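The next block is input_17.json, given as JSON, C-alpha atoms.
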```json
[["chain", "number", "residue", "atom", "x", "y", "z"],
["B", 12, "MET", "CA", -12.62, -18.96, 3.41],
["B", 13, "PHE", "CA", -9.23, -20.65, 3.72],
["B", 14, "ALA", "CA", -10.83, -24.04, 3.14],
["B", 15, "VAL", "CA", -12.85, -22.83, 0.15],
["B", 16, "THR", "CA", -9.92, -21.12, -1.58],
["B", 17, "GLN", "CA", -7.83, -24.28, -1.22],
["B", 18, "LEU", "CA", -10.39, -26.58, -2.78],
["B", 19, "ILE", "CA", -10.26, -25.84, -6.53],
["B", 20, "PRO", "CA", -6.45, -25.31, -6.85],
["B", 21, "ARG", "CA", -5.76, -28.53, -4.97],
["B", 22, "ILE", "CA", -8.25, -30.52, -7.02],
["B", 23, "LEU", "CA", -6.42, -29.27, -10.12],
["B", 24, "GLU", "CA", -3.08, -30.16, -8.55],
["B", 25, "GLN", "CA", -4.30, -33.68, -7.76],
["B", 26, "SER", "CA", -5.54, -34.18, -11.32],
["B", 27, "LEU", "CA", -2.15, -33.12, -12.72],
["B", 28, "LEU", "CA", -0.34, -35.49, -10.36],
["B", 29, "LEU", "CA", -2.54, -38.37, -11.47],
["B", 30, "HIS", "CA", -2.18, -37.56, -15.17],
["B", 31, "PHE", "CA", 1.55, -36.83, -15.34],
["B", 32, "LEU", "CA", 4.56, -38.54, -13.79],
["B", 33, "PHE", "CA", 6.48, -36.17, -11.54],
["B", 34, "THR", "CA", 9.66, -37.70, -10.19],
["B", 35, "LEU", "CA", 10.40, -34.82, -7.80],
["B", 36, "ASN", "CA", 7.32, -35.64, -5.73],
["B", 37, "GLY", "CA", 8.69, -39.04, -4.81],
["B", 38, "LYS", "CA", 6.38, -42.00, -4.47],
["B", 39, "ASP", "CA", 3.60, -40.06, -2.79],
["B", 40, "ASN", "CA", 1.33, -38.39, -5.36],
["B", 41, "LYS", "CA", -1.49, -37.45, -3.04],
["B", 42, "VAL", "CA", -2.49, -33.85, -2.33],
["B", 43, "ARG", "CA", -3.24, -33.22, 1.34],
["B", 44, "PHE", "CA", -5.41, -30.51, 2.79],
["B", 45, "SER", "CA", -4.46, -28.73, 5.99],
["B", 46, "TYR", "CA", -7.98, -29.19, 7.32],
["B", 47, "THR", "CA", -10.17, -32.28, 7.61],
["B", 48, "LYS", "CA", -13.60, -30.96, 8.41],
["B", 49, "TRP", "CA", -15.70, -27.85, 8.09],
["B", 50, "ASP", "CA", -17.58, -26.34, 10.98],
["B", 51, "SER", "CA", -20.09, -23.59, 10.23],
["B", 52, "LYS", "CA", -19.57, -22.25, 13.76],
["B", 53, "PHE", "CA", -16.23, -20.83, 12.59],
["B", 54, "LEU", "CA", -18.23, -18.23, 10.66],
["B", 55, "SER", "CA", -19.22, -16.59, 13.94],
["B", 56, "ILE", "CA", -15.61, -15.97, 15.05],
["B", 57, "PRO", "CA", -15.50, -12.38, 16.35],
["B", 58, "VAL", "CA", -13.38, -9.87, 14.46],
["B", 59, "LEU", "CA", -11.98, -6.47, 15.37],
["B", 60, "ASP", "CA", -14.09, -3.46, 14.46],
["B", 61, "ASN", "CA", -13.27, -2.18, 10.95],
["B", 62, "LYS", "CA", -10.53, -4.81, 10.57],
["B", 63, "THR", "CA", -10.33, -8.34, 9.20],
["B", 64, "ALA", "CA", -7.85, -9.53, 11.87],
["B", 65, "LYS", "CA", -9.26, -12.07, 14.34],
["B", 66, "ARG", "CA", -8.64, -12.16, 18.08],
["B", 67, "VAL", "CA", -6.77, -15.25, 19.22],
["B", 68, "GLN", "CA", -6.38, -16.76, 22.68],
["B", 69, "ILE", "CA", -3.13, -18.20, 24.01],
["B", 70, "VAL", "CA", -3.87, -21.10, 26.33],
["B", 71, "ILE", "CA", -1.45, -22.80, 28.75],
["B", 72, "ASP", "CA", -2.63, -25.68, 30.92],
["B", 73, "LYS", "CA", -6.22, -24.96, 29.84],
["B", 74, "LYS", "CA", -6.02, -21.38, 31.11],
["B", 75, "VAL", "CA", -6.18, -18.35, 28.82],
["B", 76, "VAL", "CA", -3.02, -16.37, 29.52],
["B", 77, "ARG", "CA", -3.40, -13.73, 26.83],
["B", 78, "ILE", "CA", -5.62, -12.53, 23.97],
["B", 79, "VAL", "CA", -3.97, -10.97, 20.93],
["B", 80, "ASN", "CA", -5.56, -9.03, 18.10],
["B", 81, "SER", "CA", -4.07, -10.62, 14.98],
["B", 82, "ILE", "CA", -2.17, -13.65, 13.71],
["B", 83, "GLN", "CA", 0.85, -11.46, 12.93],
["B", 84, "GLN", "CA", 0.94, -10.20, 16.52],
["B", 85, "LEU", "CA", 0.48, -13.77, 17.76],
["B", 86, "MET", "CA", 3.55, -14.95, 15.81],
["B", 87, "SER", "CA", 5.70, -12.25, 17.39],
["B", 88, "ILE", "CA", 4.43, -12.95, 20.92],
["B", 89, "LEU", "CA", 4.94, -16.72, 20.64],
["B", 90, "GLY", "CA", 8.28, -16.46, 18.85],
["B", 91, "ILE", "CA", 7.03, -18.44, 15.86],
["B", 92, "LYS", "CA", 8.15, -17.40, 12.36],
["B", 93, "SER", "CA", 5.86, -19.66, 10.35],
["B", 94, "ARG", "CA", 2.28, -18.58, 9.74],
["B", 95, "ARG", "CA", 1.63, -22.11, 8.42],
["B", 96, "THR", "CA", 2.56, -23.57, 11.83],
["B", 97, "ILE", "CA", 0.15, -21.20, 13.54],
["B", 98, "MET", "CA", -2.71, -22.19, 11.24],
["B", 99, "LYS", "CA", -2.00, -25.92, 11.62],
["B", 100, "TYR", "CA", -2.48, -25.70, 15.39],
["B", 101, "MET", "CA", -5.33, -23.17, 15.40],
["B", 102, "ASN", "CA", -8.30, -24.56, 17.37],
["B", 103, "HIS", "CA", -6.55, -27.91, 17.72],
["B", 104, "VAL", "CA", -6.36, -30.03, 20.87],
["B", 105, "ARG", "CA", -2.61, -30.50, 20.37],
["B", 106, "SER", "CA", -0.21, -27.97, 21.81],
["B", 107, "PHE", "CA", 3.14, -26.81, 20.44],
["B", 108, "TYR", "CA", 6.25, -25.24, 21.92],
["B", 109, "SER", "CA", 6.57, -21.46, 22.14],
["B", 110, "PRO", "CA", 10.21, -20.23, 22.36],
["B", 111, "ASN", "CA", 9.12, -16.98, 24.00],
["B", 112, "TYR", "CA", 6.85, -18.56, 26.63],
["B", 113, "LYS", "CA", 9.25, -21.49, 27.04],
["B", 114, "ASN", "CA", 6.18, -23.67, 27.39],
["B", 115, "TYR", "CA", 3.68, -25.64, 25.32],
["B", 116, "VAL", "CA", 0.68, -23.59, 24.26],
["B", 117, "ASN", "CA", -2.65, -24.00, 22.53],
["B", 118, "ILE", "CA", -4.14, -21.29, 20.36],
["B", 119, "ARG", "CA", -7.78, -20.83, 19.48],
["B", 120, "TYR", "CA", -10.40, -18.29, 18.63],
["B", 121, "PRO", "CA", -12.52, -16.94, 21.51],
["B", 122, "ASN", "CA", -15.86, -18.64, 22.22],
["B", 123, "MET", "CA", -14.55, -21.92, 20.85],
["B", 124, "ASP", "CA", -16.09, -24.78, 22.84],
["B", 125, "GLU", "CA", -13.86, -27.65, 23.95],
["B", 126, "GLU", "CA", -15.99, -30.22, 22.15],
["B", 127, "ASN", "CA", -15.53, -28.36, 18.84],
["B", 128, "LEU", "CA", -11.72, -28.33, 18.94],
["B", 129, "LEU", "CA", -10.01, -30.14, 16.07],
["B", 130, "THR", "CA", -8.51, -33.58, 16.67],
["B", 131, "HIS", "CA", -7.21, -34.66, 13.23],
["B", 132, "ASN", "CA", -3.57, -35.69, 12.71],
["B", 133, "ILE", "CA", -1.32, -32.72, 12.01],
["B", 134, "ILE", "CA", 0.90, -33.44, 9.02],
["B", 135, "HIS", "CA", 4.48, -32.19, 9.22],
["B", 136, "ARG", "CA", 7.32, -32.32, 6.77],
["B", 137, "ASN", "CA", 8.96, -35.63, 7.64],
["B", 138, "LEU", "CA", 12.64, -35.19, 8.51],
["B", 139, "SER", "CA", 12.71, -37.87, 11.19],
["B", 140, "ASN", "CA", 14.11, -40.47, 8.82],
["B", 141, "ILE", "CA", 17.16, -38.31, 8.05],
["B", 142, "PRO", "CA", 20.02, -39.11, 10.49],
["B", 143, "GLU", "CA", 21.47, -36.42, 12.69],
["B", 144, "LEU", "CA", 24.64, -34.74, 11.50],
["B", 145, "VAL", "CA", 27.74, -36.05, 13.28],
["B", 146, "ILE", "CA", 30.95, -34.08, 12.77],
["B", 147, "PRO", "CA", 34.19, -35.74, 13.93],
["B", 148, "ASN", "CA", 35.62, -34.12, 17.07],
["B", 149, "VAL", "CA", 32.90, -31.45, 17.11],
["B", 150, "ASN", "CA", 30.09, -31.20, 19.66],
["B", 151, "LEU", "CA", 27.22, -29.20, 18.16],
["B", 152, "PHE", "CA", 26.54, -27.64, 21.56],
["B", 153, "SER", "CA", 30.07, -26.18, 21.48],
["B", 154, "LEU", "CA", 29.26, -24.11, 18.38],
["B", 155, "ILE", "CA", 28.60, -20.38, 18.81],
["B", 156, "PRO", "CA", 24.79, -19.94, 19.12],
["B", 157, "ASN", "CA", 22.95, -18.28, 16.23],
["B", 158, "GLU", "CA", 25.83, -18.82, 13.82],
["B", 159, "LEU", "CA", 25.59, -21.12, 10.80],
["B", 160, "TYR", "CA", 28.50, -23.52, 10.13],
["B", 161, "VAL", "CA", 28.95, -24.79, 6.57],
["B", 162, "TYR", "CA", 30.72, -28.11, 5.94],
["B", 163, "ASN", "CA", 31.58, -29.76, 2.63],
["B", 164, "SER", "CA", 30.81, -33.40, 1.80],
["B", 165, "SER", "CA", 34.05, -34.44, 3.60],
["B", 166, "LEU", "CA", 32.81, -32.66, 6.76],
["B", 167, "SER", "CA", 35.52, -30.01, 6.55],
["B", 168, "LEU", "CA", 34.48, -26.57, 7.78],
["B", 169, "ILE", "CA", 34.15, -24.13, 4.87],
["B", 170, "LYS", "CA", 32.76, -20.93, 6.39],
["B", 171, "ILE", "CA", 30.66, -19.48, 9.21],
["B", 172, "TYR", "CA", 27.74, -17.12, 8.65],
["B", 173, "LYS", "CA", 25.43, -15.17, 10.91],
["B", 174, "PRO", "CA", 22.20, -14.71, 8.85],
["B", 175, "ILE", "CA", 21.11, -17.81, 6.94],
["B", 176, "ARG", "CA", 20.13, -15.56, 4.03],
["B", 177, "GLU", "CA", 23.73, -14.33, 3.83],
["B", 178, "ALA", "CA", 24.87, -17.94, 3.40],
["B", 179, "ALA", "CA", 22.23, -18.58, 0.73],
["B", 180, "LYS", "CA", 23.33, -15.54, -1.28],
["B", 181, "ASP", "CA", 27.05, -16.19, -0.84],
["B", 182, "LEU", "CA", 26.79, -19.84, -1.90],
["B", 183, "ASN", "CA", 24.71, -18.85, -4.93],
["B", 184, "PRO", "CA", 26.54, -15.75, -6.23],
["B", 185, "ASN", "CA", 24.96, -15.88, -9.71],
["B", 186, "ASN", "CA", 21.45, -16.54, -8.45],
["B", 187, "GLU", "CA", 19.78, -13.91, -10.64],
["B", 188, "LYS", "CA", 21.58, -15.04, -13.81],
["B", 189, "LEU", "CA", 20.92, -18.73, -13.13],
["B", 190, "GLY", "CA", 17.38, -18.22, -11.87],
["B", 191, "ILE", "CA", 18.13, -19.60, -8.39],
["B", 192, "ASN", "CA", 15.53, -18.71, -5.77],
["B", 193, "VAL", "CA", 17.59, -17.43, -2.83],
["B", 194, "ARG", "CA", 14.61, -17.62, -0.49],
["B", 195, "GLY", "CA", 14.11, -21.25, -1.50],
["B", 196, "ARG", "CA", 17.78, -22.01, -0.78],
["B", 197, "GLU", "CA", 17.44, -20.24, 2.58],
["B", 198, "ILE", "CA", 14.44, -22.40, 3.53],
["B", 199, "ALA", "CA", 16.21, -25.58, 2.37],
["B", 200, "ILE", "CA", 19.27, -24.71, 4.47],
["B", 201, "SER", "CA", 17.17, -23.87, 7.52],
["B", 202, "ARG", "CA", 15.24, -27.17, 7.34],
["B", 203, "SER", "CA", 18.41, -29.24, 6.94],
["B", 204, "LYS", "CA", 20.41, -27.78, 9.83],
["B", 205, "ASN", "CA", 22.03, -30.51, 11.95],
["B", 206, "LYS", "CA", 20.77, -33.19, 9.54],
["B", 207, "LYS", "CA", 23.02, -35.46, 7.49],
["B", 208, "LYS", "CA", 21.59, -34.07, 4.30],
["B", 209, "LEU", "CA", 23.63, -32.35, 1.61],
["B", 210, "VAL", "CA", 21.91, -29.22, 0.33],
["B", 211, "TYR", "CA", 22.64, -28.27, -3.26],
["B", 212, "ASN", "CA", 23.90, -24.73, -3.98],
["B", 213, "GLU", "CA", 25.62, -23.13, -6.94],
["B", 214, "LEU", "CA", 29.06, -23.53, -5.32],
["B", 215, "GLY", "CA", 28.42, -27.14, -4.33],
["B", 216, "SER", "CA", 26.49, -29.32, -1.93],
["B", 217, "PHE", "CA", 27.00, -28.70, 1.78],
["B", 218, "TYR", "CA", 26.01, -29.76, 5.28],
["B", 219, "PHE", "CA", 24.83, -27.05, 7.68],
["B", 220, "ALA", "CA", 25.20, -27.06, 11.45],
["B", 221, "GLU", "CA", 24.11, -24.80, 14.27],
["B", 222, "ASN", "CA", 24.14, -24.93, 18.05],
["B", 223, "PRO", "CA", 20.82, -26.63, 19.00],
["B", 224, "ASN", "CA", 20.29, -23.96, 21.67],
["B", 225, "SER", "CA", 20.22, -21.19, 19.06],
["B", 226, "ASN", "CA", 17.23, -18.86, 18.96],
["B", 227, "ARG", "CA", 17.33, -16.89, 15.73],
["B", 228, "TRP", "CA", 13.99, -15.25, 16.49],
["B", 229, "ILE", "CA", 15.71, -13.08, 19.10],
["B", 230, "ILE", "CA", 18.35, -12.09, 16.54],
["B", 231, "TYR", "CA", 15.70, -11.15, 13.99],
["B", 232, "GLN", "CA", 13.85, -9.06, 16.54],
["B", 233, "GLN", "CA", 17.03, -7.10, 17.27],
["B", 234, "GLY", "CA", 17.01, -5.78, 13.69],
["B", 235, "LEU", "CA", 19.60, -5.91, 10.94],
["B", 236, "TYR", "CA", 20.10, -2.16, 10.81],
["B", 237, "PRO", "CA", 20.48, -0.64, 14.32],
["B", 238, "LEU", "CA", 20.52, 3.13, 14.07],
["B", 239, "ILE", "CA", 20.13, 6.54, 15.66],
["B", 240, "LEU", "CA", 17.30, 8.66, 14.27],
["B", 241, "LYS", "CA", 18.37, 12.30, 14.26],
["B", 242, "ASP", "CA", 15.58, 14.87, 13.93],
["B", 243, "ILE", "CA", 17.18, 18.16, 12.82],
["B", 244, "ILE", "CA", 13.96, 20.13, 13.42],
["B", 245, "ASN", "CA", 13.24, 18.95, 16.97],
["B", 246, "GLN", "CA", 16.99, 18.48, 17.61],
["B", 247, "THR", "CA", 16.55, 15.02, 19.08],
["B", 248, "GLU", "CA", 18.45, 11.75, 18.68],
["B", 249, "LEU", "CA", 16.67, 8.44, 19.37],
["B", 250, "GLU", "CA", 18.22, 4.96, 19.23],
["B", 251, "PHE", "CA", 16.38, 2.09, 17.52],
["B", 252, "ALA", "CA", 17.15, -1.62, 17.11],
["B", 253, "GLY", "CA", 16.27, -1.62, 13.42],
["B", 254, "ILE", "CA", 14.37, -0.01, 10.56],
["B", 255, "LYS", "CA", 10.96, -1.49, 11.42],
["B", 256, "PRO", "CA", 10.80, 0.16, 14.87],
["B", 257, "VAL", "CA", 11.79, 3.45, 13.18],
["B", 258, "GLN", "CA", 9.06, 2.86, 10.63],
["B", 259, "ARG", "CA", 6.47, 2.43, 13.40],
["B", 260, "TYR", "CA", 7.75, 5.54, 15.22],
["B", 261, "LEU", "CA", 7.61, 7.72, 12.10],
["B", 262, "THR", "CA", 4.16, 6.41, 11.21],
["B", 263, "LYS", "CA", 2.80, 7.83, 14.46],
["B", 264, "LEU", "CA", 4.82, 11.02, 14.17],
["B", 265, "LEU", "CA", 4.03, 11.80, 10.52],
["B", 266, "GLU", "CA", 0.59, 10.10, 10.39],
["B", 267, "MET", "CA", 1.72, 8.17, 7.32],
["B", 268, "LYS", "CA", 3.70, 4.95, 6.93],
["B", 269, "PRO", "CA", 7.16, 5.47, 5.41],
["B", 270, "ASP", "CA", 8.38, 2.91, 2.90],
["B", 271, "TYR", "CA", 10.87, 0.41, 4.38],
["B", 272, "LYS", "CA", 13.11, 0.42, 1.28],
["B", 273, "THR", "CA", 13.15, 4.21, 1.21],
["B", 274, "ILE", "CA", 14.34, 4.37, 4.81],
["B", 275, "ARG", "CA", 17.02, 1.75, 4.13],
["B", 276, "SER", "CA", 18.20, 3.70, 1.07],
["B", 277, "HIS", "CA", 18.64, 6.86, 3.15],
["B", 278, "TYR", "CA", 20.28, 4.72, 5.86],
["B", 279, "ASN", "CA", 22.80, 3.29, 3.37],
["B", 280, "ASN", "CA", 23.49, 6.59, 1.59],
["B", 281, "GLY", "CA", 23.48, 8.86, 4.65],
["B", 282, "THR", "CA", 20.98, 11.20, 2.99],
["B", 283, "LEU", "CA", 18.26, 13.36, 4.53],
["B", 284, "TYR", "CA", 14.73, 11.95, 4.67],
["B", 285, "LYS", "CA", 11.76, 14.33, 4.37],
["B", 286, "LYS", "CA", 14.29, 17.21, 4.71],
["B", 287, "ARG", "CA", 14.30, 16.42, 8.40],
["B", 288, "PHE", "CA", 15.57, 12.98, 9.45],
["B", 289, "ILE", "CA", 19.02, 11.39, 9.31],
["B", 290, "PHE", "CA", 19.50, 7.66, 9.90],
["B", 291, "ILE", "CA", 22.88, 7.14, 11.57],
["B", 292, "PRO", "CA", 24.08, 3.50, 11.56],
["B", 293, "ILE", "CA", 25.22, 1.93, 14.83],
["B", 294, "SER", "CA", 28.00, -0.63, 14.68],
["B", 295, "LYS", "CA", 26.90, -3.98, 16.20],
["B", 296, "ASN", "CA", 30.42, -4.44, 17.47],
["B", 297, "ASN", "CA", 30.12, -1.45, 19.80]]
```
Could I get this structure in the form of structure tokens?
Amino acid sequence: MFAVTQLIPRILEQSLLLHFLFTLNGKDNKVRFSYTKWDSKFLSIPVLDNKTAKRVQIVIDKKVVRIVNSIQQLMSILGIKSRRTIMKYMNHVRSFYSPNYKNYVNIRYPNMDEENLLTHNIIHRNLSNIPELVIPNVNLFSLIPNELYVYNSSLSLIKIYKPIREAAKDLNPNNEKLGINVRGREIAISRSKNKKKLVYNELGSFYFAENPNSNRWIIYQQGLYPLILKDIINQTELEFAGIKPVQRYLTKLLEMKPDYKTIRSHYNNGTLYKKRFIFIPISKNN
């Protein structure tokens, strides 16, 4: 279905590129598909009962080390944030690096024969022609891991941030008024880390640096809002790393999924949820 749903929109996109002159696309005006062939055997991929999620195998050195029950679960287990990366390598002979396994892995659907694995060239965003960022008297490996360093065009340090999104919002303070996509700025910053590429923001154009040994996936998994969940009916207090683990816990307890934004609102305001629960923030400095 992924191949079919891509076909018509991308044909339309190609026709627009051929008819109009778009300078932002550079010299290349060709639309590329993320697949190169169609195999009807993919239609027989087993799915979970009563669910659309597909089982996926994790393979290391041609041995299946684990089977997971959805792409979302696979991303978490591998330590990969991009669903697009997962789909590029699905059923492909090429392996890619998993931060969590600290090894190169292949991923594929069960019952996929070796001779049916994909072999086409995987197209990546090309950043190899952009030189590495060199900051006078600064070794990138000396930077604090998982912190983002912002430098101006003269390579003077401006500020240090922890979340990349915080930097994107701070450097674009009037984003709503000016119509600046903060998520787009966040992606642009993330892709240009440690590259000699100035990234435009409302407050100016900047270079961004980070310790190459950083692993932001671990930080994201820790949660942005660590808290203690106090249940005034059962008189219990449980500690959680963030709102999402609390959400999963309450879903099982209440047999309904609480809204993430509702929990965060009660967390921020210190108000009672469902006349029963209090979300007590935990300082990360403790």
*Quick one: everything within 12 Å of Asn114 of chain B, counting all atoms listed in the file, minus sequence neighbours fewer than 3 positions away in the same chain. Send it as a PyMOL selection string.*
chain B and resi 69-72+76+89-90+106-111+117
*Considering all atoms listed in the file, state which residue in the set B:Leu265, B:Leu129, B:Ile146, B:Ile91 is at the smallest distance from Lys113 of chain B.*
B:Ile91
*With all atoms listed in the file as the basis for distance, which of B:Glu187, B:Glu125, B:Glu158, B:Glu213 is at the shortest distance from Ser201 of chain B?*
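Counting all atoms listed in the file, the residue closest to Ser201 of chain B is B:Glu158.
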*Counting only C-alpha atoms, figure out which residue out of B:Pro237, B:Asn279, B:Ile82, B:Ala220 gets nearest to Thr96 of chain B.*
B:Ile82
*For Asn205 of chain B, work out the shell of residues within 8 Å, counting all atoms listed in the file and skipping chain neighbours fewer than 2 positions away, then give it as number ranges by chain.*
B: 143-144, 203, 207, 218-221
*asked:* Using all atoms listed in the file, can you tell me which of B:Lys204, B:His277, B:Arg77, B:His131 comes closest to Lys99 of chain B?
replied: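 Distance minimum relative to Lys99 of chain B lands on B:His131.
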*Work out how far atom CA of Tyr284 of chain B is from atom CA of Lys268 of chain B, in Å to one decimal.*
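Spanning atom CA of Lys268 of chain B to atom CA of Tyr284 of chain B is a straight-line distance of 13.3 Å.
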Interface rows for segment 150-251 of chain B against segment 270-274 of chain B: nearest pair, Å to one decimal, 12 Å, only C-alpha atoms, as JSON lines:
```
{"residue": "B:Tyr236", "atom": "CA", "partner": "B:Ile274", "partner_atom": "CA", "distance": 10.6}
{"residue": "B:Leu238", "atom": "CA", "partner": "B:Ile274", "partner_atom": "CA", "distance": 11.2}
{"residue": "B:Leu240", "atom": "CA", "partner": "B:Ile274", "partner_atom": "CA", "distance": 10.8}
```
*Please return, as a list in words, all polymer residues that have at least one atom within 12 Å of the point (33.5, -28.7, 9.8); use only C-alpha atoms and the file's own coordinate frame.*
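Those within range, by chain then number, are Leu144, Val145, Ile146, Pro147, Asn148, Val149, Asn150, Leu151, Leu154, Leu159, Tyr160, Val161, Tyr162, Asn163, Ser164, Ser165, Leu166, Ser167, Leu168, Ile169, Lys170, Ile171, Asn205, Phe217, Tyr218, Phe219, Ala220 and Glu221 of chain B.
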Given the selection you just returned, output its residues as a file containing C-alpha atoms, formatted as a compact mmCIF listing (two decimals), in the frame of the given file.
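Okay, out_36.txt is ready:
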```txt
# COMPACT_ATOMS: atom_id res chain seq x y z
CA LEU B 144 24.64 -34.74 11.50
CA VAL B 145 27.74 -36.05 13.28
CA ILE B 146 30.95 -34.08 12.77
CA PRO B 147 34.19 -35.74 13.93
CA ASN B 148 35.62 -34.12 17.07
CA VAL B 149 32.90 -31.45 17.11
CA ASN B 150 30.09 -31.20 19.66
CA LEU B 151 27.22 -29.20 18.16
CA LEU B 154 29.26 -24.11 18.38
CA LEU B 159 25.59 -21.12 10.80
CA TYR B 160 28.50 -23.52 10.13
CA VAL B 161 28.95 -24.79 6.57
CA TYR B 162 30.72 -28.11 5.94
CA ASN B 163 31.58 -29.76 2.63
CA SER B 164 30.81 -33.40 1.80
CA SER B 165 34.05 -34.44 3.60
CA LEU B 166 32.81 -32.66 6.76
CA SER B 167 35.52 -30.01 6.55
CA LEU B 168 34.48 -26.57 7.78
CA ILE B 169 34.15 -24.13 4.87
CA LYS B 170 32.76 -20.93 6.39
CA ILE B 171 30.66 -19.48 9.21
CA ASN B 205 22.03 -30.51 11.95
CA PHE B 217 27.00 -28.70 1.78
CA TYR B 218 26.01 -29.76 5.28
CA PHE B 219 24.83 -27.05 7.68
CA ALA B 220 25.20 -27.06 11.45
CA GLU B 221 24.11 -24.80 14.27
```
*asked:* Between atom CA of Ser153 of chain B and atom CA of Asn222 of chain B, what is the distance in Å, rounded to a tenth?
replied: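 Those two atoms sit 7.0 Å apart.
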